[in-house]
$ cat my_file.txt   # compact mmCIF, C-alpha atoms (C1' of nucleotides)
# COMPACT_ATOMS: atom_id res chain seq x y z
CA MET A 100 216.13 -86.30 -52.70
CA LYS A 101 214.56 -84.48 -49.79
CA VAL A 102 213.18 -80.99 -50.43
CA ALA A 103 212.03 -78.65 -47.67
CA THR A 104 210.34 -75.25 -47.67
CA TRP A 105 209.55 -73.04 -44.68
CA ASN A 106 208.21 -69.53 -44.21
CA VAL A 107 210.30 -68.68 -41.13
CA ASN A 108 208.70 -65.26 -40.40
CA GLY A 109 212.04 -63.65 -39.50
CA ILE A 110 215.27 -65.63 -39.89
CA ARG A 111 217.02 -63.87 -37.00
CA ALA A 112 214.31 -64.97 -34.57
CA ARG A 113 214.40 -68.51 -36.01
CA GLN A 114 218.16 -69.11 -36.14
CA ASP A 115 218.31 -71.80 -33.43
CA GLN A 116 215.14 -73.52 -34.63
CA LEU A 117 216.43 -73.69 -38.20
CA LEU A 118 219.76 -75.22 -37.18
CA GLU A 119 218.04 -77.73 -34.89
CA TRP A 120 215.60 -78.66 -37.64
CA LEU A 121 218.28 -79.09 -40.29
CA GLU A 122 220.24 -81.33 -37.93
CA ASN A 123 217.32 -83.79 -37.93
CA GLU A 124 215.77 -83.25 -41.35
CA LYS A 125 218.93 -82.89 -43.48
CA PRO A 126 217.18 -81.85 -46.72
CA GLU A 127 219.19 -81.76 -49.95
CA VAL A 128 217.30 -78.63 -51.01
CA LEU A 129 216.02 -75.97 -48.60
CA CYS A 130 213.82 -72.99 -49.47
CA LEU A 131 213.01 -70.25 -46.95
CA GLN A 132 210.58 -67.35 -47.20
CA GLU A 133 209.98 -64.18 -45.19
CA ILE A 134 213.55 -64.04 -43.95
CA LYS A 135 212.95 -60.33 -43.19
CA ALA A 136 216.65 -59.47 -43.40
CA ALA A 137 219.22 -58.09 -45.81
CA PRO A 138 222.24 -60.32 -46.49
CA GLU A 139 224.41 -58.25 -44.12
CA GLN A 140 221.93 -58.93 -41.29
CA ILE A 141 222.04 -62.72 -41.66
CA PRO A 142 223.62 -64.42 -38.60
CA ARG A 143 227.13 -65.69 -39.28
CA SER A 144 226.21 -69.31 -38.55
CA LEU A 145 223.61 -69.21 -41.33
CA LEU A 146 225.24 -66.98 -43.91
CA GLU A 147 227.47 -69.81 -45.06
CA LEU A 148 225.38 -72.71 -43.87
CA GLU A 149 227.78 -75.63 -43.63
CA GLY A 150 227.45 -78.24 -46.36
CA TYR A 151 225.26 -76.06 -48.58
CA TRP A 152 225.56 -73.60 -51.42
CA ASN A 153 223.66 -70.61 -50.07
CA CYS A 154 221.71 -67.79 -51.66
CA TRP A 155 220.29 -65.10 -49.34
CA HIS A 156 218.00 -62.77 -51.23
CA GLY A 157 216.42 -60.29 -48.86
CA GLN A 158 216.00 -56.79 -47.57
CA LYS A 159 215.52 -55.05 -44.24
CA GLY A 160 212.56 -56.13 -42.18
CA TYR A 161 210.20 -57.36 -44.89
CA SER A 162 209.75 -60.24 -47.33
CA GLY A 163 212.89 -61.96 -48.67
CA VAL A 164 213.68 -65.57 -49.61
CA SER A 165 216.64 -67.91 -49.55
CA LEU A 166 217.68 -71.10 -51.31
CA HIS A 167 220.18 -73.71 -50.13
CA VAL A 168 221.46 -76.73 -52.01
CA ARG A 169 223.70 -79.43 -50.57
CA ARG A 170 227.20 -79.08 -51.95
CA ASP A 171 227.33 -82.63 -53.26
CA LEU A 172 224.49 -81.84 -55.70
CA ALA A 173 226.62 -79.37 -57.67
CA ARG A 174 230.33 -78.93 -58.29
CA GLU A 175 230.28 -75.20 -57.80
CA ALA A 176 228.08 -72.43 -56.45
CA PRO A 177 224.98 -72.31 -58.61
CA VAL A 178 224.13 -69.18 -60.54
CA PHE A 179 221.01 -67.49 -59.25
CA SER A 180 218.94 -65.34 -61.54
CA HIS A 181 216.06 -63.07 -60.71
CA PRO A 182 213.52 -62.24 -63.39
CA ASP A 183 211.84 -58.84 -63.74
CA PHE A 184 208.81 -59.73 -61.64
CA ASP A 185 210.97 -60.52 -58.61
CA PHE A 186 210.00 -57.39 -56.66
CA GLU A 187 210.61 -57.16 -52.89
CA SER A 188 212.96 -60.18 -53.06
CA ARG A 189 210.31 -62.82 -53.62
CA LEU A 190 212.09 -65.33 -55.82
CA ALA A 191 215.36 -67.27 -55.77
CA ALA A 192 216.26 -69.82 -58.42
CA VAL A 193 218.95 -72.41 -58.99
CA ASP A 194 219.65 -74.90 -61.78
CA LEU A 195 220.75 -78.45 -60.98
CA GLY A 196 221.30 -80.04 -64.36
CA PRO A 197 217.91 -80.14 -66.11
CA LEU A 198 216.14 -79.22 -62.87
CA ARG A 199 215.33 -75.66 -61.82
CA VAL A 200 214.39 -75.07 -58.19
CA LEU A 201 212.48 -71.95 -57.11
CA SER A 202 211.99 -70.53 -53.63
CA CYS A 203 208.95 -68.30 -53.95
CA TYR A 204 207.02 -65.89 -51.72
CA VAL A 205 203.83 -64.66 -53.37
CA PRO A 206 202.57 -61.28 -52.07
CA ASN A 207 199.88 -61.68 -49.42
CA GLY A 208 197.64 -59.27 -51.29
CA GLY A 209 195.99 -57.70 -48.28
CA LYS A 210 197.75 -54.44 -48.96
CA ASP A 211 197.78 -54.52 -52.78
CA PHE A 212 195.71 -57.30 -54.31
CA PHE A 213 196.51 -56.15 -57.84
CA ALA A 214 200.23 -56.66 -57.18
CA LYS A 215 199.48 -60.22 -56.05
CA MET A 216 197.50 -60.97 -59.22
CA ARG A 217 200.24 -59.44 -61.38
CA PHE A 218 202.88 -61.54 -59.62
CA LEU A 219 200.83 -64.71 -60.21
CA ALA A 220 200.41 -63.80 -63.89
CA ASP A 221 204.16 -63.22 -64.27
CA LEU A 222 204.89 -66.47 -62.44
CA HIS A 223 202.50 -68.19 -64.86
CA SER A 224 204.51 -66.99 -67.90
CA TYR A 225 207.85 -67.76 -66.25
CA VAL A 226 206.78 -71.34 -65.43
CA GLY A 227 205.33 -71.73 -68.93
CA HIS A 228 208.59 -70.77 -70.58
CA LEU A 229 210.62 -73.15 -68.42
CA LEU A 230 208.29 -76.08 -69.09
CA ALA A 231 208.26 -75.29 -72.83
CA GLU A 232 212.06 -75.59 -72.79
CA GLY A 233 211.61 -79.10 -71.41
CA ARG A 234 213.01 -78.30 -67.99
CA GLN A 235 212.09 -80.12 -64.82
CA LEU A 236 210.82 -77.72 -62.20
CA LEU A 237 210.32 -77.55 -58.43
CA LEU A 238 208.31 -74.52 -57.31
CA CYS A 239 208.49 -74.32 -53.52
CA GLY A 240 207.22 -71.77 -51.09
CA ASP A 241 204.47 -69.63 -49.61
CA LEU A 242 202.04 -69.07 -52.48
CA ASN A 243 199.53 -67.32 -50.18
CA VAL A 244 196.54 -68.93 -51.96
CA THR A 245 194.36 -71.88 -50.90
CA ARG A 246 193.41 -74.09 -53.86
CA THR A 247 189.92 -75.07 -52.64
CA ASP A 248 187.79 -74.96 -49.51
CA LEU A 249 189.33 -78.29 -48.53
CA ASP A 250 192.53 -76.32 -47.92
CA VAL A 251 190.81 -74.13 -45.31
CA HIS A 252 189.48 -75.35 -41.96
CA PRO A 253 185.66 -74.96 -41.91
CA LYS A 254 185.92 -72.39 -39.09
CA GLU A 255 188.22 -70.25 -41.24
CA ARG A 256 186.26 -70.34 -44.52
CA ARG A 257 185.18 -66.90 -45.69
CA LYS A 258 184.13 -66.00 -49.22
CA SER A 259 185.75 -62.56 -49.20
CA ALA A 260 189.02 -63.48 -47.45
CA ILE A 261 192.28 -62.79 -49.26
CA GLY A 262 193.80 -66.18 -49.98
CA GLN A 263 190.40 -67.75 -50.66
CA LEU A 264 189.14 -65.54 -53.51
CA PRO A 265 188.02 -67.21 -56.78
CA GLU A 266 190.29 -65.07 -58.98
CA GLU A 267 193.48 -65.95 -57.11
CA ARG A 268 192.48 -69.62 -56.96
CA GLU A 269 191.94 -69.53 -60.73
CA ALA A 270 195.39 -67.98 -61.18
CA LEU A 271 197.03 -70.73 -59.12
CA GLU A 272 195.10 -73.45 -60.99
CA GLY A 273 196.27 -71.84 -64.24
CA ILE A 274 199.90 -72.16 -63.17
CA LEU A 275 199.35 -75.82 -62.17
CA GLY A 276 197.48 -76.50 -65.41
CA GLN A 277 200.60 -75.84 -67.44
CA GLY A 278 202.15 -79.05 -66.10
CA LEU A 279 202.90 -78.76 -62.39
CA VAL A 280 201.65 -81.13 -59.69
CA ASP A 281 200.79 -80.16 -56.11
CA LEU A 282 202.66 -82.96 -54.32
CA THR A 283 200.78 -82.80 -51.02
CA ARG A 284 197.41 -83.03 -52.75
CA MET A 285 198.62 -85.71 -55.18
CA LEU A 286 199.66 -87.94 -52.29
CA HIS A 287 196.71 -87.03 -50.03
CA PRO A 288 193.76 -86.25 -52.36
CA GLU A 289 191.08 -85.93 -49.66
CA ALA A 290 193.07 -85.07 -46.53
CA PRO A 291 191.64 -82.08 -44.64
CA GLU A 292 194.29 -81.78 -41.91
CA ILE A 293 197.40 -80.84 -43.83
CA PHE A 294 197.47 -77.11 -43.15
CA THR A 295 200.72 -75.16 -43.34
CA TRP A 296 199.62 -71.87 -41.75
CA TRP A 297 197.57 -71.08 -38.67
CA PRO A 298 196.22 -67.74 -37.41
CA PRO A 299 198.87 -66.49 -35.00
CA TRP A 300 196.78 -66.34 -31.87
CA ARG A 301 196.59 -68.92 -29.16
CA LYS A 302 195.69 -72.55 -29.68
CA MET A 303 194.81 -72.29 -33.37
CA ARG A 304 197.89 -74.27 -34.33
CA GLU A 305 197.43 -76.79 -31.53
CA ARG A 306 193.82 -77.25 -32.62
CA ASN A 307 194.96 -77.39 -36.26
CA ILE A 308 192.57 -74.68 -37.40
CA GLY A 309 194.49 -73.33 -40.37
CA TRP A 310 195.02 -72.93 -44.09
CA ARG A 311 197.16 -74.74 -46.69
CA ILE A 312 199.08 -72.03 -48.52
CA ASP A 313 202.62 -73.46 -48.70
CA TYR A 314 203.36 -75.84 -51.55
CA ILE A 315 205.93 -77.96 -53.31
CA LEU A 316 204.89 -78.06 -56.98
CA ALA A 317 206.75 -80.36 -59.34
CA SER A 318 206.82 -80.91 -63.09
CA GLU A 319 205.15 -84.17 -64.06
CA ALA A 320 208.19 -86.45 -64.50
CA LEU A 321 209.52 -85.24 -61.18
CA ALA A 322 206.15 -85.57 -59.43
CA ALA A 323 205.93 -89.20 -60.54
CA THR A 324 208.87 -89.90 -58.22
CA ALA A 325 207.36 -88.23 -55.13
CA ARG A 326 206.81 -90.47 -52.13
CA GLU A 327 206.02 -88.02 -49.33
CA CYS A 328 205.03 -84.38 -48.93
CA LEU A 329 203.67 -83.31 -45.55
CA PRO A 330 203.83 -80.32 -43.21
CA ARG A 331 205.62 -80.47 -39.85
CA ARG A 332 202.90 -78.97 -37.68
CA GLU A 333 204.72 -79.55 -34.40
CA PHE A 334 207.85 -77.71 -35.37
CA GLY A 335 208.87 -74.13 -34.74
CA THR A 336 207.22 -70.89 -33.65
CA SER A 337 206.67 -69.29 -37.06
CA ASP A 338 203.02 -68.88 -38.07
CA HIS A 339 203.88 -71.35 -40.87
CA GLY A 340 205.06 -74.94 -40.48
CA PRO A 341 207.80 -76.46 -42.65
CA LEU A 342 206.77 -78.65 -45.60
CA VAL A 343 208.99 -81.59 -46.57
CA ALA A 344 208.91 -83.80 -49.66
CA ARG A 345 210.85 -86.96 -50.52
CA LEU A 346 211.39 -87.85 -54.16
CA ASP A 347 213.18 -90.75 -55.85
CA TRP A 348 215.09 -88.42 -58.11
CA GLN A 349 218.81 -88.36 -58.70
CA VAL A 350 220.27 -84.97 -59.49
CA THR A 351 222.62 -85.24 -62.43
CA GLN A 352 225.63 -83.05 -61.73
CA ALA A 353 225.88 -80.01 -63.95
C1' DA T 227 186.04 -56.48 -33.12
C1' DT T 228 189.41 -59.41 -31.43
C1' DG T 229 194.09 -61.88 -30.93
C1' DT T 230 200.16 -62.69 -31.82
C1' DC T 231 204.41 -61.97 -33.41
C1' DA T 232 208.83 -60.01 -35.76
C1' DC T 233 210.85 -56.04 -36.97
C1' DA T 234 211.16 -51.10 -37.79
C1' DT T 235 212.28 -46.52 -35.72
C1' DC T 236 214.01 -40.27 -33.43
C1' DT T 237 216.40 -46.99 -28.08
C1' DA T 238 211.15 -46.38 -25.80
C1' DA T 239 206.84 -47.11 -27.12
C1' DT T 240 204.31 -47.44 -31.01
C1' DG T 241 203.43 -48.53 -36.10
C1' DT T 242 203.38 -52.03 -39.98
C1' DG T 243 202.52 -56.27 -42.09
C1' DA T 244 200.78 -60.79 -42.00

$ encode --input "my_file.txt" --output "structure tokens"
Amino acid sequence: MKVATWNVNGIRARQDQLLEWLENEKPEVLCLQEIKAAPEQIPRSLLELEGYWNCWHGQKGYSGVSLHVRRDLAREAPVFSHPDFDFESRLAAVDLGPLRVLSCYVPNGGKDFFAKMRFLADLHSYVGHLLAEGRQLLLCGDLNVTRTDLDVHPKERRKSAIGQLPEEREALEGILGQGLVDLTRMLHPEAPEIFTWWPPWRKMRERNIGWRIDYILASEALAATARECLPRREFGTSDHGPLVARLDWQVTQA
DNA sequence: ATGTCACATCTAATGTGA
């Protein structure tokens, strides 16, 4: 199973890139963040993306996520549910047998850091309940937090920067500690050059001076099947690169 | 302090968010 997540920074500006990318990558599961569009603004070619069950969960101009699952993984359109803490369209979920997949966009926190911490706390409980039920889980998306300094290029390290603060790092570690595995870090424990976001001005991406804030987190049984999880730095003009994982996991049809 | 984008709005130039 191939799983992909990408913060597109505006789906309408990324329409051609997304279609081109899907043509080559062909993921079974696709999660998008920052679509910045309400469902009625989604381009026709994407609204019912061919071969996928599609969930567009967004609003005008800001935030928003989507989740797409290849049709052969489920017999009918999955049911999407949005828990209470899903404010500003930041979470989409789908069940594939025992597996729940989440497309998640954690608040940046620059505007309202308390809202970010509250979202992380709510996500913590939500993940805890799912794992306690014995579900397998894939939490994909822009979590807007670097785990350690290794996830920030030395030139970008700043103690007081949002995304690098100890309290948000502790919150993310708390979520992981309940039984989720950061696939990129599991497969590349010491790698410094696996950033998923770069400051939007010139050459930072080319020079790979960035941060790792996009993740694919998997429950332990699922993570044990992971073979690859790396960003696609070369692709697209969003400030984030796509992140793609391959797992030896067969979805049992619901 | 700065830079770059996508998208919004009193459709033209400016504000917001990241």

$ closest_atom_pairs --input "my_file.txt" --of "chain A" --to "chain T" --cutoff "8 Å" --atoms "only C-alpha atoms (C1' of nucleotides)" --output "tab-separated table"
residue	atom	partner	partner_atom	distance
A:Asn108	CA	T:DA232	C1'	7.0
A:Gly109	CA	T:DA232	C1'	6.1
A:Ala112	CA	T:DA232	C1'	7.5
A:Lys135	CA	T:DC233	C1'	7.8
A:Gly160	CA	T:DC233	C1'	5.5
A:Asn207	CA	T:DA244	C1'	7.5
A:Pro299	CA	T:DT230	C1'	5.1
A:Trp300	CA	T:DT230	C1'	5.0
A:Arg301	CA	T:DT230	C1'	7.7

$ closest_residue --input "my_file.txt" --among "A:Gln263, A:Ser188, A:Asn153, A:Gln116" --to "Ala137 in chain A" --atoms "all atoms listed in the file"
A:Ser188

$ residues_around --input "my_file.txt" --residues "Arg304 in chain A" --least-positions-apart "4" --cutoff "12 Å" --atoms "all atoms listed in the file" --output "PyMOL selection string"
chain A and resi 252+292-300+308-310+331-340

$ residues_around --input "my_file.txt" --residues "range 268-271 of chain A" --least-positions-apart "4" --cutoff "7 Å" --atoms "all atoms listed in the file" --output "ChimeraX atom specification"
/A:219,244-246,263-264,275

$ atom_distance --input "my_file.txt" --atom1 "CA of Glu147 in chain A" --atom2 "CA of Pro177 in chain A"
14.0 Å

$ atom_distance --input "my_file.txt" --atom1 "CA of Leu236 in chain A" --atom2 "CA of Ser165 in chain A"
17.0 Å

$ build_atoms --input "my_file.txt" --residues "range 293-320 of chain A" --atoms "N, CA and C atoms" --output "tab-separated table (two decimals), in the frame of the given file"
chain	number	residue	atom	x	y	z
A	293	ILE	N	196.02	-80.97	-43.36
A	293	ILE	CA	197.40	-80.84	-43.83
A	293	ILE	C	197.73	-79.37	-44.00
A	294	PHE	N	197.26	-78.55	-43.06
A	294	PHE	CA	197.47	-77.11	-43.15
A	294	PHE	C	198.93	-76.76	-42.92
A	295	THR	N	199.33	-75.63	-43.50
A	295	THR	CA	200.72	-75.16	-43.34
A	295	THR	C	200.80	-73.82	-42.63
A	296	TRP	N	199.66	-73.18	-42.43
A	296	TRP	CA	199.62	-71.87	-41.75
A	296	TRP	C	198.43	-71.83	-40.81
A	297	TRP	N	198.63	-71.21	-39.67
A	297	TRP	CA	197.57	-71.08	-38.67
A	297	TRP	C	197.52	-69.64	-38.20
A	298	PRO	N	196.31	-69.10	-37.95
A	298	PRO	CA	196.22	-67.74	-37.41
A	298	PRO	C	197.08	-67.65	-36.16
A	299	PRO	N	197.78	-66.52	-35.98
A	299	PRO	CA	198.87	-66.49	-35.00
A	299	PRO	C	198.42	-66.45	-33.54
A	300	TRP	N	197.15	-66.38	-33.28
A	300	TRP	CA	196.78	-66.34	-31.87
A	300	TRP	C	196.61	-67.73	-31.29
A	301	ARG	N	196.42	-67.72	-29.99
A	301	ARG	CA	196.59	-68.92	-29.16
A	301	ARG	C	195.76	-70.11	-29.63
A	302	LYS	N	196.38	-71.26	-29.55
A	302	LYS	CA	195.69	-72.55	-29.68
A	302	LYS	C	195.24	-72.91	-31.09
A	303	MET	N	195.29	-71.96	-32.02
A	303	MET	CA	194.81	-72.29	-33.37
A	303	MET	C	195.68	-73.37	-33.99
A	304	ARG	N	196.98	-73.26	-33.78
A	304	ARG	CA	197.89	-74.27	-34.33
A	304	ARG	C	197.72	-75.61	-33.62
A	305	GLU	N	197.65	-75.55	-32.29
A	305	GLU	CA	197.43	-76.79	-31.53
A	305	GLU	C	196.14	-77.48	-31.96
A	306	ARG	N	195.11	-76.69	-32.22
A	306	ARG	CA	193.82	-77.25	-32.62
A	306	ARG	C	193.76	-77.53	-34.12
A	307	ASN	N	194.84	-77.19	-34.81
A	307	ASN	CA	194.96	-77.39	-36.26
A	307	ASN	C	193.82	-76.72	-37.03
A	308	ILE	N	193.54	-75.48	-36.66
A	308	ILE	CA	192.57	-74.68	-37.40
A	308	ILE	C	193.38	-73.72	-38.27
A	309	GLY	N	193.58	-74.11	-39.54
A	309	GLY	CA	194.49	-73.33	-40.37
A	309	GLY	C	194.16	-73.38	-41.85
A	310	TRP	N	195.15	-72.98	-42.64
A	310	TRP	CA	195.02	-72.93	-44.09
A	310	TRP	C	196.21	-73.67	-44.71
A	311	ARG	N	196.03	-74.17	-45.93
A	311	ARG	CA	197.16	-74.74	-46.69
A	311	ARG	C	197.55	-73.76	-47.78
A	312	ILE	N	198.63	-73.04	-47.56
A	312	ILE	CA	199.08	-72.03	-48.52
A	312	ILE	C	200.55	-72.20	-48.93
A	313	ASP	N	201.24	-73.16	-48.31
A	313	ASP	CA	202.62	-73.46	-48.70
A	313	ASP	C	202.63	-74.74	-49.51
A	314	TYR	N	203.44	-74.74	-50.58
A	314	TYR	CA	203.36	-75.84	-51.55
A	314	TYR	C	204.75	-76.26	-52.03
A	315	ILE	N	204.83	-77.51	-52.45
A	315	ILE	CA	205.93	-77.96	-53.31
A	315	ILE	C	205.26	-78.46	-54.59
A	316	LEU	N	205.46	-77.71	-55.68
A	316	LEU	CA	204.89	-78.06	-56.98
A	316	LEU	C	206.00	-78.62	-57.85
A	317	ALA	N	205.72	-79.71	-58.54
A	317	ALA	CA	206.75	-80.36	-59.34
A	317	ALA	C	206.24	-80.62	-60.75
A	318	SER	N	207.16	-80.51	-61.73
A	318	SER	CA	206.82	-80.91	-63.09
A	318	SER	C	206.50	-82.41	-63.09
A	319	GLU	N	205.80	-82.85	-64.13
A	319	GLU	CA	205.15	-84.17	-64.06
A	319	GLU	C	206.12	-85.34	-63.87
A	320	ALA	N	207.23	-85.35	-64.62
A	320	ALA	CA	208.19	-86.45	-64.50
A	320	ALA	C	208.76	-86.53	-63.09
